[in-house]
$ cat run20.cif   # mmCIF, C-alpha atoms
data_protein
#
loop_
_atom_site.label_atom_id
_atom_site.label_comp_id
_atom_site.auth_asym_id
_atom_site.auth_seq_id
_atom_site.Cartn_x
_atom_site.Cartn_y
_atom_site.Cartn_z
CA GLU A 1 -39.17 17.92 34.43
CA ALA A 2 -37.78 15.61 31.74
CA LEU A 3 -39.77 15.10 28.55
CA ASP A 4 -41.23 11.58 28.49
CA SER A 5 -43.51 11.63 25.43
CA ILE A 6 -44.04 13.23 22.03
CA GLY A 7 -47.72 13.48 21.12
CA ASN A 8 -49.67 12.51 18.03
CA LYS A 9 -48.82 14.72 15.02
CA ALA A 10 -46.51 16.84 17.21
CA PHE A 11 -44.24 17.76 14.28
CA ASN A 12 -46.56 16.79 11.42
CA ARG A 13 -45.74 18.69 8.21
CA CYS A 14 -42.77 20.58 9.66
CA TYR A 15 -41.34 20.66 6.17
CA ALA A 16 -38.17 22.59 7.05
CA LEU A 17 -37.18 20.35 9.97
CA SER A 18 -33.86 18.76 8.98
CA GLU A 19 -32.63 17.34 12.28
CA ILE A 20 -33.92 16.64 15.75
CA SER A 21 -32.45 15.16 18.92
CA ILE A 22 -34.98 13.12 20.90
CA PRO A 23 -34.14 13.19 24.63
CA ASP A 24 -33.16 9.90 26.25
CA SER A 25 -36.03 10.42 28.71
CA VAL A 26 -38.70 9.95 26.00
CA ARG A 27 -40.55 6.65 26.26
CA PHE A 28 -43.48 7.25 23.88
CA ILE A 29 -43.77 8.77 20.40
CA GLY A 30 -47.30 9.25 19.09
CA GLN A 31 -48.93 8.43 15.78
CA TYR A 32 -47.78 10.55 12.81
CA ALA A 33 -45.52 12.51 15.18
CA PHE A 34 -43.01 13.31 12.42
CA SER A 35 -45.08 12.55 9.33
CA SER A 36 -44.33 14.58 6.21
CA CYS A 37 -41.19 16.14 7.71
CA MET A 38 -39.76 16.35 4.21
CA GLY A 39 -36.36 17.71 5.25
CA LEU A 40 -35.59 15.22 8.03
CA LYS A 41 -32.48 13.24 7.03
CA GLU A 42 -31.58 11.09 10.02
CA ILE A 43 -32.82 10.29 13.49
CA THR A 44 -31.88 8.18 16.49
CA ILE A 45 -34.66 6.59 18.52
CA PRO A 46 -33.58 6.54 22.19
CA GLU A 47 -33.25 3.43 24.31
CA GLY A 48 -36.44 2.66 26.24
CA ILE A 49 -38.78 3.14 23.29
CA VAL A 50 -40.65 -0.14 22.71
CA LYS A 51 -42.89 0.86 19.80
CA ILE A 52 -42.70 3.11 16.77
CA ASP A 53 -46.36 3.94 16.30
CA LYS A 54 -48.59 4.13 13.24
CA GLY A 55 -47.34 6.59 10.63
CA THR A 56 -44.66 8.08 12.90
CA PHE A 57 -42.33 8.85 9.97
CA TYR A 58 -44.92 8.63 7.19
CA GLN A 59 -43.63 10.22 3.97
CA CYS A 60 -40.37 11.54 5.43
CA ASP A 61 -38.96 11.38 1.94
CA SER A 62 -35.46 12.68 2.78
CA LEU A 63 -34.88 10.26 5.66
CA ARG A 64 -31.74 8.23 4.90
CA CYS A 65 -30.68 6.86 8.27
CA ILE A 66 -32.63 5.60 11.29
CA SER A 67 -31.03 4.10 14.40
CA PHE A 68 -33.31 1.73 16.30
CA PRO A 69 -32.92 1.06 20.04
CA SER A 70 -32.26 -2.39 21.44
CA THR A 71 -35.56 -2.07 23.37
CA LEU A 72 -37.77 -1.79 20.28
CA ARG A 73 -40.45 -4.50 20.13
CA GLU A 74 -42.87 -3.26 17.47
CA ILE A 75 -42.89 -1.11 14.33
CA GLY A 76 -46.44 -0.02 13.60
CA ASP A 77 -48.47 0.15 10.39
CA THR A 78 -47.18 2.70 7.82
CA ALA A 79 -44.47 3.80 10.28
CA PHE A 80 -41.99 4.48 7.43
CA PHE A 81 -44.41 4.51 4.51
CA ASP A 82 -42.88 6.17 1.42
CA CYS A 83 -39.51 6.92 3.04
CA HIS A 84 -37.97 6.21 -0.32
CA THR A 85 -34.45 7.46 0.51
CA LEU A 86 -34.04 5.15 3.53
CA GLU A 87 -30.94 3.07 2.82
CA ASN A 88 -30.25 0.53 5.54
CA LEU A 89 -32.15 -1.14 8.40
CA ILE A 90 -30.64 -2.85 11.45
CA PHE A 91 -33.13 -4.59 13.74
CA HIS A 92 -32.08 -5.75 17.20
CA ASP A 93 -32.95 -8.89 19.14
CA SER A 94 -35.98 -7.33 20.85
CA LEU A 95 -38.06 -6.74 17.69
CA LEU A 96 -41.17 -8.93 17.52
CA GLU A 97 -43.48 -7.34 14.95
CA ILE A 98 -43.40 -5.18 11.82
CA GLY A 99 -46.79 -3.79 10.83
CA GLU A 100 -48.71 -3.55 7.57
CA ASP A 101 -47.18 -1.20 4.99
CA ALA A 102 -44.50 -0.25 7.55
CA PHE A 103 -41.80 0.17 4.88
CA LYS A 104 -43.97 0.31 1.77
CA TYR A 105 -42.43 2.33 -1.08
CA CYS A 106 -39.01 2.40 0.61
CA GLU A 107 -37.41 1.78 -2.77
CA GLY A 108 -34.00 3.05 -1.64
CA LEU A 109 -33.39 0.20 0.79
CA SER A 110 -30.20 -1.63 -0.11
CA LYS A 111 -29.71 -3.86 2.95
CA ILE A 112 -31.63 -5.26 5.93
CA THR A 113 -29.89 -6.75 8.96
CA ASN A 114 -31.99 -8.64 11.50
CA LEU A 115 -30.16 -9.72 14.65
CA ASN A 116 -33.24 -11.32 16.19
CA ALA A 117 -32.97 -14.95 17.27
CA THR A 118 -36.74 -15.20 16.81
CA VAL A 119 -38.19 -14.33 13.40
CA PRO A 120 -40.25 -11.12 13.78
CA ASN A 121 -43.85 -11.32 12.62
CA LEU A 122 -44.02 -9.54 9.28
CA ALA A 123 -47.42 -8.17 8.25
CA ILE A 124 -48.77 -8.26 4.72
CA ASN A 125 -47.19 -5.67 2.43
CA ALA A 126 -44.72 -4.53 5.10
CA PHE A 127 -42.02 -4.22 2.42
CA SER A 128 -44.15 -3.69 -0.69
CA TYR A 129 -42.25 -2.08 -3.56
CA VAL A 130 -38.92 -2.81 -1.90
CA ASP A 131 -36.43 -4.62 -4.13
CA LYS A 132 -36.67 -8.26 -3.03
CA SER A 133 -33.17 -9.06 -4.30
CA ILE A 134 -31.42 -6.90 -1.67
CA PRO A 135 -29.41 -8.81 0.95
CA VAL A 136 -31.20 -9.66 4.20
CA TYR A 137 -28.63 -10.63 6.84
CA VAL A 138 -29.83 -12.89 9.65
CA LEU A 139 -28.21 -15.02 12.33
CA MET A 140 -26.87 -18.26 10.89
CA ASP A 141 -28.67 -20.31 13.54
CA ASN A 142 -32.11 -19.36 12.24
CA ILE A 143 -31.59 -18.76 8.53
CA ASP A 144 -33.94 -21.64 7.69
CA ASP A 145 -36.70 -20.05 9.79
CA TYR A 146 -36.55 -16.94 7.63
CA LYS A 147 -36.44 -18.88 4.39
CA ASN A 148 -39.50 -20.90 5.45
CA ASP A 149 -41.51 -17.92 6.71
CA SER A 150 -44.43 -17.06 4.43
CA GLN A 151 -43.61 -13.32 4.45
CA TRP A 152 -39.83 -13.13 4.87
CA ASN A 153 -39.28 -15.68 2.11
CA SER A 154 -40.37 -13.09 -0.45
CA PHE A 155 -36.79 -11.83 -0.14
CA GLU A 156 -34.57 -13.75 -2.53
CA ASN A 157 -31.20 -13.14 -0.89
CA ILE A 158 -31.33 -14.17 2.78
CA ILE A 159 -27.78 -14.54 4.08
CA GLY A 160 -26.67 -16.17 7.33
CA CYS A 161 -24.17 -14.34 9.55
CA TYR A 162 -21.84 -15.21 12.38
CA ARG A 163 -21.13 -13.01 15.38
CA LEU A 164 -17.60 -11.74 16.00
CA GLU A 165 -17.07 -10.31 19.48
CA LEU A 166 -13.76 -8.67 20.32
CA ILE A 167 -13.05 -7.88 23.97
CA CYS A 168 -10.27 -6.45 26.13
CA GLU A 169 -9.78 -4.59 29.36
CA ASP A 170 -10.85 -1.04 28.56
CA SER A 171 -8.20 0.42 30.84
CA LYS A 172 -5.42 -1.13 28.76
CA GLY A 173 -6.53 -0.76 25.15
CA ARG A 174 -9.29 -0.95 22.61
CA VAL A 175 -10.33 -3.31 19.82
CA ASN A 176 -11.97 -2.80 16.44
CA GLY A 177 -13.89 -5.22 14.22
CA SER A 178 -16.74 -6.62 16.31
CA GLY A 179 -19.94 -7.24 14.37
CA TYR A 180 -21.97 -9.70 12.35
CA TYR A 181 -20.49 -11.04 9.12
CA PRO A 182 -21.53 -13.52 6.41
CA ALA A 183 -19.99 -16.98 6.56
CA ASP A 184 -16.39 -17.20 5.37
CA SER A 185 -16.02 -13.42 5.40
CA SER A 186 -12.47 -12.11 5.73
CA VAL A 187 -12.56 -9.59 8.57
CA VAL A 188 -9.75 -7.22 9.54
CA ILE A 189 -9.45 -6.82 13.32
CA SER A 190 -7.17 -4.60 15.35
CA ALA A 191 -6.06 -4.02 18.92
CA ILE A 192 -4.61 -0.69 20.04
CA ALA A 193 -2.82 -0.29 23.36
CA LYS A 194 -3.30 2.70 25.65
CA PRO A 195 -0.33 4.61 27.09
CA GLY A 196 1.66 2.45 29.47
CA TYR A 197 0.82 -0.81 27.70
CA VAL A 198 1.74 -2.68 24.53
CA PHE A 199 -0.16 -5.32 22.63
CA ASP A 200 0.91 -8.86 23.53
CA ARG A 201 -1.36 -11.25 21.61
CA TRP A 202 -4.90 -12.41 20.97
CA ASP A 203 -6.07 -15.29 23.13
CA ASN A 204 -5.95 -17.58 20.07
CA GLU A 205 -2.15 -17.01 20.20
CA ASN A 206 -2.07 -14.72 17.14
CA VAL A 207 0.60 -12.10 17.86
CA ASP A 208 -0.37 -9.61 15.12
CA SER A 209 -2.27 -6.62 16.49
CA ILE A 210 -3.80 -6.06 13.05
CA CYS A 211 -4.79 -9.21 11.23
CA SER A 212 -7.42 -10.80 9.03
CA ILE A 213 -9.57 -13.72 10.14
CA SER A 214 -12.12 -15.89 8.34
CA LEU A 215 -15.40 -16.61 10.10
CA SER A 216 -16.95 -20.07 9.99
CA GLU A 217 -18.66 -19.91 13.40
CA ASN A 218 -19.58 -17.45 16.14
CA LEU A 219 -16.30 -16.29 17.65
CA THR A 220 -15.11 -14.33 20.69
CA LEU A 221 -11.52 -13.12 20.82
CA LYS A 222 -9.77 -11.30 23.65
CA ALA A 223 -6.86 -8.93 23.11
CA LEU A 224 -4.15 -9.19 25.75
CA PHE A 225 -1.93 -6.26 26.67
CA LYS A 226 1.16 -6.05 28.86
CA VAL A 227 3.36 -3.50 30.54
CA PRO A 228 6.55 -3.22 28.49
CA SER A 229 9.31 -4.72 30.59
CA ASP A 230 12.03 -7.36 30.49
CA SER A 231 9.85 -9.70 32.47
CA ASN A 232 7.28 -9.92 29.64
CA THR A 233 4.59 -10.31 32.26
CA THR A 234 1.18 -10.50 30.60
CA TYR A 235 -1.73 -8.59 32.11
CA THR A 236 -5.06 -10.06 31.09
#

$ encode --input "run20.cif" --output "structure tokens"
Amino acid sequence: EALDSIGNKAFNRCYALSEISIPDSVRFIGQYAFSSCMGLKEITIPEGIVKIDKGTFYQCDSLRCISFPSTLREIGDTAFFDCHTLENLIFHDSLLEIGEDAFKYCEGLSKITNLNATVPNLAINAFSYVDKSIPVYVLMDNIDDYKNDSQWNSFENIIGCYRLELICEDSKGRVNGSGYYPADSSVVISAIAKPGYVFDRWDNENVDSICSISLSENLTLKALFKVPSDSNTTYT
């Protein structure tokens, strides 16, 4: 039977634990489940988890990297309290609430990216003792909502971003460069053909497979590939 939950304090004070793979079947992680796992360096929370509970990673002081699922709706009180080596946070569109002291004493944070179209509710002291001059990247459409929010506006460097989406038919090639970038960023994009095809052009008529573009709005580009032949027939 597949594991569907990890109980309260299940790995509390497992000081030598340096890595763990949480099964995709897990849907619940209890309070303080990994608290004081001093050797834990990185972890991926599986899709389907909707809440990181109170104190789940409390004082995991070697934790540098955490990957949040797109299903996450809530980060509980003290969830990452005193994780002072944590470097970067990326929150997805589903996140609604960040609890009290959730990232308190996370002095190592150098960047926060919030891809939520609705400003998540930020509890008092959620980011206490975090450098408030670090960049906080948000969607350009709601940058003013962040700057006017009584908690988020404690951050001094809130930066609006545009979405760049690169697409193609997977059977014919692949593309690199999709993401969220600050306004007027110069972004290098590339399209690589699979065997049996060659790159033809982007659908904005750019014929360079590797090129640099400047973002001033949300943008979707499609890479077009073709079968190499004298007919120059394009397969989209």

$ resolve_selection --input "run20.cif" --expression "the PyMOL selection byres ((chain A and resi 170-172) around 9)" --output "PyMOL selection string"
chain A and resi 167-169+173-174+192-198+224-226+235

$ resolve_selection --input "run20.cif" --expression "the PyMOL selection byres ((chain A and resi 182) around 12)" --output "count of residues only"
28

$ atom_distance --input "run20.cif" --atom1 "CA of Glu74 in chain A" --atom2 "CA of Ile134 in chain A"
22.6 Å

$ resolve_selection --input "run20.cif" --expression "the PyMOL selection byres ((chain A and resi 204) around 12)" --output "ChimeraX atom specification"
/A:166,200-203,205-208,213,219-224

$ axis_aligned_box --input "run20.cif" --around "range 86-103 of chain A" --padding-each-side "8 Å" --output "lines of an AutoDock Vina configuration file"
center_x = -39.5
center_y = -1.9
center_z = 11.8
size_x = 34.5
size_y = 30.1
size_z = 34.0

$ closest_residue --input "run20.cif" --among "A:Ser18, A:Asn153, A:Asn12, A:Asn114" --to "Phe34 in chain A" --atoms "only C-alpha atoms"
A:Asn12

$ closest_residue --input "run20.cif" --among "A:Cys60, A:Ala16, A:Ile45, A:Ala191" --to "Tyr32 in chain A" --atoms "all atoms listed in the file"
A:Cys60

$ atom_distance --input "run20.cif" --atom1 "CA of Met38 in chain A" --atom2 "CA of Tyr58 in chain A"
9.8 Å

$ closest_residue --input "run20.cif" --among "A:Ser70, A:Ser133, A:Asn176, A:Ser229" --to "Asn157 in chain A" --atoms "only C-alpha atoms"
A:Ser133

$ closest_residue --input "run20.cif" --among "A:Glu47, A:Phe57, A:Ser178, A:Thr85" --to "Ala10 in chain A" --atoms "all atoms listed in the file"
A:Phe57

$ closest_residue --input "run20.cif" --among "A:Ser62, A:Ser25, A:Thr78, A:Ser67" --to "Phe91 in chain A" --atoms "only C-alpha atoms"
A:Ser67

$ atom_distance --input "run20.cif" --atom1 "CA of Ile49 in chain A" --atom2 "CA of Thr71 in chain A"
6.1 Å

$ closest_residue --input "run20.cif" --among "A:Phe199, A:Phe80, A:Phe11, A:Trp152" --to "Leu109 in chain A" --atoms "only C-alpha atoms"
A:Phe80

$ residues_around --input "run20.cif" --residues "Glu19 in chain A" --least-positions-apart "6" --cutoff "10 Å" --atoms "only C-alpha atoms" --output "VMD selection string"
chain A and resid 37 39 to 43 63

$ decode --input "run20.cif" --residues "range 24-83 of chain A" --atoms "C-alpha atoms" --output "tab-separated table (two decimals), in the first residue's frame"
chain	number	residue	atom	x	y	z
A	24	ASP	CA	4.46	11.15	-4.81
A	25	SER	CA	1.63	9.33	-3.01
A	26	VAL	CA	2.05	11.43	0.17
A	27	ARG	CA	-0.73	13.96	0.69
A	28	PHE	CA	-0.11	15.01	4.32
A	29	ILE	CA	3.02	15.91	6.28
A	30	GLY	CA	2.54	16.43	10.01
A	31	GLN	CA	3.69	19.13	12.39
A	32	TYR	CA	7.45	19.21	13.10
A	33	ALA	CA	7.85	16.14	10.86
A	34	PHE	CA	11.42	17.10	9.89
A	35	SER	CA	12.24	19.64	12.59
A	36	SER	CA	15.88	19.89	13.67
A	37	CYS	CA	17.11	17.64	10.85
A	38	MET	CA	20.37	19.55	10.91
A	39	GLY	CA	21.95	17.73	7.95
A	40	LEU	CA	19.04	18.01	5.51
A	41	LYS	CA	20.18	20.09	2.52
A	42	GLU	CA	17.36	19.97	-0.01
A	43	ILE	CA	13.89	18.55	-0.40
A	44	THR	CA	11.10	18.38	-2.96
A	45	ILE	CA	7.52	18.50	-1.73
A	46	PRO	CA	5.39	16.29	-4.02
A	47	GLU	CA	2.42	17.48	-6.03
A	48	GLY	CA	-0.86	17.02	-4.15
A	49	ILE	CA	0.39	18.49	-0.87
A	50	VAL	CA	-1.80	21.50	-0.02
A	51	LYS	CA	-0.26	22.54	3.30
A	52	ILE	CA	3.15	22.57	4.92
A	53	ASP	CA	2.19	22.32	8.56
A	54	LYS	CA	3.41	24.08	11.68
A	55	GLY	CA	7.14	23.66	12.28
A	56	THR	CA	7.57	21.03	9.56
A	57	PHE	CA	11.16	22.11	8.79
A	58	TYR	CA	11.79	24.05	12.01
A	59	GLN	CA	15.52	24.69	12.52
A	60	CYS	CA	16.71	22.65	9.53
A	61	ASP	CA	19.77	24.85	9.49
A	62	SER	CA	21.50	23.20	6.51
A	63	LEU	CA	18.47	23.37	4.21
A	64	ARG	CA	19.43	25.34	1.10
A	65	CYS	CA	16.82	24.37	-1.47
A	66	ILE	CA	13.10	23.60	-1.23
A	67	SER	CA	10.86	22.87	-4.21
A	68	PHE	CA	7.20	23.67	-3.62
A	69	PRO	CA	4.38	21.93	-5.50
A	70	SER	CA	1.89	23.81	-7.65
A	71	THR	CA	-0.87	22.49	-5.34
A	72	LEU	CA	0.43	24.20	-2.20
A	73	ARG	CA	-2.15	26.53	-0.62
A	74	GLU	CA	-0.75	27.22	2.85
A	75	ILE	CA	2.59	27.42	4.66
A	76	GLY	CA	2.00	27.10	8.39
A	77	ASP	CA	3.42	28.96	11.38
A	78	THR	CA	7.18	28.46	11.96
A	79	ALA	CA	7.29	26.00	9.02
A	80	PHE	CA	10.84	27.11	8.07
A	81	PHE	CA	11.79	28.93	11.26
A	82	ASP	CA	15.57	29.43	11.54
A	83	CYS	CA	16.40	27.75	8.21
